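Q: Sharing a structure below in structure tokens format, with a few things to ask.
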Amino acid sequence: MHPLKFVQKMMLALILAGAVVTPGFAEADEPAAGSPAASPSLPPVQSQGQTEFMTGGIGLDESEAIKKEGSSWPLMLEFAQADTPRPEYISDAKVTIKDKSGNVMLEANAEGPYMLIRLAPGRYSLYATHESVTLHRELKLVKGQNRKITLLWPPSGNKTTQ
């Protein structure tokens, strides 16, 4: 056996032995799958009225955790700005979502390139502003379906509205 492999196996055996006989450590309950506690990389769930949301995605761990978590949320927003050779993810977009009656359901700043939003099924208007450029989308959320919307701003310096 290669000496390095032997050392690795011995270290693993010592670590496991120590974990088994070390007194005074209680085992923590496992968090439920799909709960924010299930992944320490997820940002906290926030709420505004009846609307829950999560925003972040700075760093690979948090980004991957949010993308995975997104499949259990009705709406996932992704924020990017056109650039060469490819778009770049952005943060600090101001997001406003209004219901069909014009009531504000969410008004928040994106703290990364992703935002997960839990809204009741229905029709909504989405406004997202970054560097004085506002993008607008009409949304229809359907019960049991997940929707991902990528908002792509023009390159920096171009102040046209899409």
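Each chain in the structure tokens gets a letter, A, B and so on, in the order shown; residues start at 1 in every chain, and ligands are counted from 1 in the order they appear.
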With only C-alpha atoms as the counted atoms, please give the residues lying no more than 10 Å from Glu88 in chain A, apart from itself and same-chain residues fewer than 5 positions off, as a short mmCIF file (atom, residue, chain, number, x, y, z; two decimals) with all heavy atoms, in the first residue's frame.
A:
```
data_model
loop_
_atom_site.label_atom_id
_atom_site.label_comp_id
_atom_site.auth_asym_id
_atom_site.auth_seq_id
_atom_site.Cartn_x
_atom_site.Cartn_y
_atom_site.Cartn_z
N PHE A 79 -31.17 37.93 -11.98
CA PHE A 79 -30.82 39.27 -12.42
C PHE A 79 -29.45 39.27 -13.09
O PHE A 79 -28.48 38.79 -12.51
CB PHE A 79 -30.78 40.23 -11.23
CG PHE A 79 -32.02 40.19 -10.39
CD1 PHE A 79 -32.01 39.58 -9.14
CD2 PHE A 79 -33.21 40.74 -10.84
CE1 PHE A 79 -33.14 39.54 -8.34
CE2 PHE A 79 -34.36 40.69 -10.06
CZ PHE A 79 -34.33 40.09 -8.81
N ALA A 80 -29.39 39.83 -14.32
CA ALA A 80 -28.13 39.90 -15.05
C ALA A 80 -28.10 41.16 -15.90
O ALA A 80 -29.14 41.75 -16.20
CB ALA A 80 -27.95 38.67 -15.92
N GLN A 81 -26.89 41.56 -16.29
CA GLN A 81 -26.71 42.72 -17.15
C GLN A 81 -25.88 42.29 -18.34
O GLN A 81 -24.86 41.60 -18.19
CB GLN A 81 -26.02 43.85 -16.39
CG GLN A 81 -25.95 45.14 -17.16
CD GLN A 81 -25.57 46.30 -16.25
OE1 GLN A 81 -24.77 46.15 -15.34
NE2 GLN A 81 -26.16 47.46 -16.50
N ALA A 82 -26.31 42.70 -19.53
CA ALA A 82 -25.59 42.36 -20.75
C ALA A 82 -24.17 42.92 -20.67
O ALA A 82 -23.95 44.03 -20.21
CB ALA A 82 -26.31 42.93 -21.97
N ASP A 83 -23.22 42.10 -21.09
CA ASP A 83 -21.82 42.49 -21.09
C ASP A 83 -21.09 41.60 -22.08
O ASP A 83 -21.63 40.57 -22.52
CB ASP A 83 -21.23 42.35 -19.69
CG ASP A 83 -19.96 43.18 -19.48
OD1 ASP A 83 -19.54 43.85 -20.44
OD2 ASP A 83 -19.40 43.15 -18.38
N PRO A 113 -27.90 37.85 -7.16
CA PRO A 113 -28.49 37.66 -8.48
C PRO A 113 -29.78 36.82 -8.50
O PRO A 113 -30.35 36.62 -9.56
CB PRO A 113 -27.38 36.95 -9.25
CG PRO A 113 -26.60 36.24 -8.21
CD PRO A 113 -26.67 37.09 -6.98
N LEU A 152 -32.76 40.69 -17.86
CA LEU A 152 -31.48 41.06 -18.44
C LEU A 152 -31.49 42.54 -18.80
O LEU A 152 -32.23 42.97 -19.68
CB LEU A 152 -31.20 40.22 -19.70
CG LEU A 152 -29.88 40.49 -20.42
CD1 LEU A 152 -28.70 40.12 -19.52
CD2 LEU A 152 -29.83 39.71 -21.72
N TRP A 153 -30.67 43.31 -18.08
CA TRP A 153 -30.56 44.74 -18.33
C TRP A 153 -29.58 44.99 -19.46
O TRP A 153 -28.66 44.20 -19.69
CB TRP A 153 -30.08 45.46 -17.07
CG TRP A 153 -31.18 45.77 -16.11
CD1 TRP A 153 -31.88 46.96 -16.03
CD2 TRP A 153 -31.73 44.92 -15.13
NE1 TRP A 153 -32.83 46.85 -15.05
CE2 TRP A 153 -32.76 45.62 -14.47
CE3 TRP A 153 -31.47 43.60 -14.73
CZ2 TRP A 153 -33.54 45.07 -13.44
CZ3 TRP A 153 -32.24 43.06 -13.71
CH2 TRP A 153 -33.24 43.78 -13.08
N PRO A 155 -26.38 46.85 -21.41
CA PRO A 155 -25.05 47.15 -20.86
C PRO A 155 -25.07 48.46 -20.09
O PRO A 155 -25.85 49.36 -20.38
CB PRO A 155 -24.17 47.28 -22.11
CG PRO A 155 -24.89 46.52 -23.18
CD PRO A 155 -26.36 46.66 -22.86
#
```
Q: Near Asn146 in chain A, counting only C-alpha atoms, which residues have an atom at most 10 Å away, once you skip same-chain residues fewer than 6 positions from it, shown as number ranges by chain?
A: A: 70-76
Q: Save the residues we just selected, N, CA, C and O atoms, as a compact mmCIF listing (two decimals), in the first residue's frame?
A:
```txt
# COMPACT_ATOMS: atom_id res chain seq x y z
N GLY A 70 -35.02 26.76 -5.40
CA GLY A 70 -35.98 27.42 -6.29
C GLY A 70 -37.06 26.52 -6.83
O GLY A 70 -38.17 26.99 -7.13
N SER A 71 -36.80 25.23 -6.94
CA SER A 71 -37.81 24.31 -7.48
C SER A 71 -39.01 24.16 -6.56
O SER A 71 -40.05 23.65 -6.97
N SER A 72 -38.89 24.60 -5.30
CA SER A 72 -40.02 24.48 -4.37
C SER A 72 -40.72 25.83 -4.13
O SER A 72 -41.56 25.94 -3.26
N TRP A 73 -40.36 26.85 -4.89
CA TRP A 73 -40.98 28.17 -4.79
C TRP A 73 -41.73 28.48 -6.08
O TRP A 73 -41.27 28.10 -7.17
N PRO A 74 -42.85 29.21 -6.00
CA PRO A 74 -43.61 29.53 -7.21
C PRO A 74 -42.88 30.43 -8.21
O PRO A 74 -43.09 30.34 -9.40
N LEU A 75 -42.00 31.31 -7.71
CA LEU A 75 -41.34 32.28 -8.60
C LEU A 75 -39.87 32.43 -8.24
O LEU A 75 -39.52 32.62 -7.07
N MET A 76 -39.04 32.34 -9.27
CA MET A 76 -37.61 32.57 -9.11
C MET A 76 -37.20 33.64 -10.10
O MET A 76 -37.49 33.54 -11.29
```
Q: Would you mind listing, for every residue of range 69-110 of chain A within 7 Å of range 128-140 of chain A, the two atoms forming the shortest contact and the distance between them in Å to one decimal, using only C-alpha atoms, sorted by chain and ascending residue number, as JSON lines?
A:
```
{"residue": "A:Asp92", "atom": "CA", "partner": "A:His130", "partner_atom": "CA", "distance": 7.0}
{"residue": "A:Ala93", "atom": "CA", "partner": "A:His130", "partner_atom": "CA", "distance": 4.8}
{"residue": "A:Lys94", "atom": "CA", "partner": "A:Thr129", "partner_atom": "CA", "distance": 5.1}
{"residue": "A:Val95", "atom": "CA", "partner": "A:Ala128", "partner_atom": "CA", "distance": 4.5}
{"residue": "A:Thr96", "atom": "CA", "partner": "A:Ala128", "partner_atom": "CA", "distance": 6.4}
```
Q: What would the file look like if the residues just selected were written as a PDB file, in the first residue's frame with C-alpha atoms?
A:
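So the final result, stored in out.pdb, reads:
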```
ATOM      1  CA  ASP A  92     -29.095  45.584  -5.832  1.00  0.00           C
ATOM      2  CA  ALA A  93     -32.066  45.511  -8.221  1.00  0.00           C
ATOM      3  CA  LYS A  94     -35.176  47.039  -6.648  1.00  0.00           C
ATOM      4  CA  VAL A  95     -38.106  44.662  -7.129  1.00  0.00           C
ATOM      5  CA  THR A  96     -41.768  45.655  -6.889  1.00  0.00           C
TER       6      THR A  96
END
```
Q: Tell me, in Å to one decimal, how far CA of Tyr114 in chain A is from CA of Ile66 in chain A.
A: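 Spanning CA of Tyr114 in chain A to CA of Ile66 in chain A is a straight-line distance of 7.4 Å.
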Q: Tell me, in Å to one decimal, how far CA of Glu64 in chain A is from CA of Ser47 in chain A.
A: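 These atoms are spaced 22.1 Å apart.
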Q: Please identify all polymer residues within 12 Å of Phe53 in chain A, counting only C-alpha atoms, omitting same-chain residues fewer than 5 positions from it, and present them as number ranges by chain.
A: A: 36, 42-48, 66, 69-70, 73-77, 95, 97, 105-111, 114-119
Q: Quick one: distance from CA of Ser63 in chain A to CA of Pro85 in chain A in Å, one decimal?
A: 21.3 Å
Q: Between A:Leu151, A:Gly112, A:Lys98, A:Gly122, which residue has the minimum interatomic distance to Gly57 in chain A, considering only C-alpha atoms?
A: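 With only C-alpha atoms as the atom set, the closest residue is A:Gly112.
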Q: Can you check which residues of range 14-144 of chain A DSSP gives as strand (DSSP E or B) on the backbone and send them as a PyMOL selection string?
A: chain A and resi 46-48+51-56+75-81+88-89+94-99+104-109+114-118+122-130+133-141
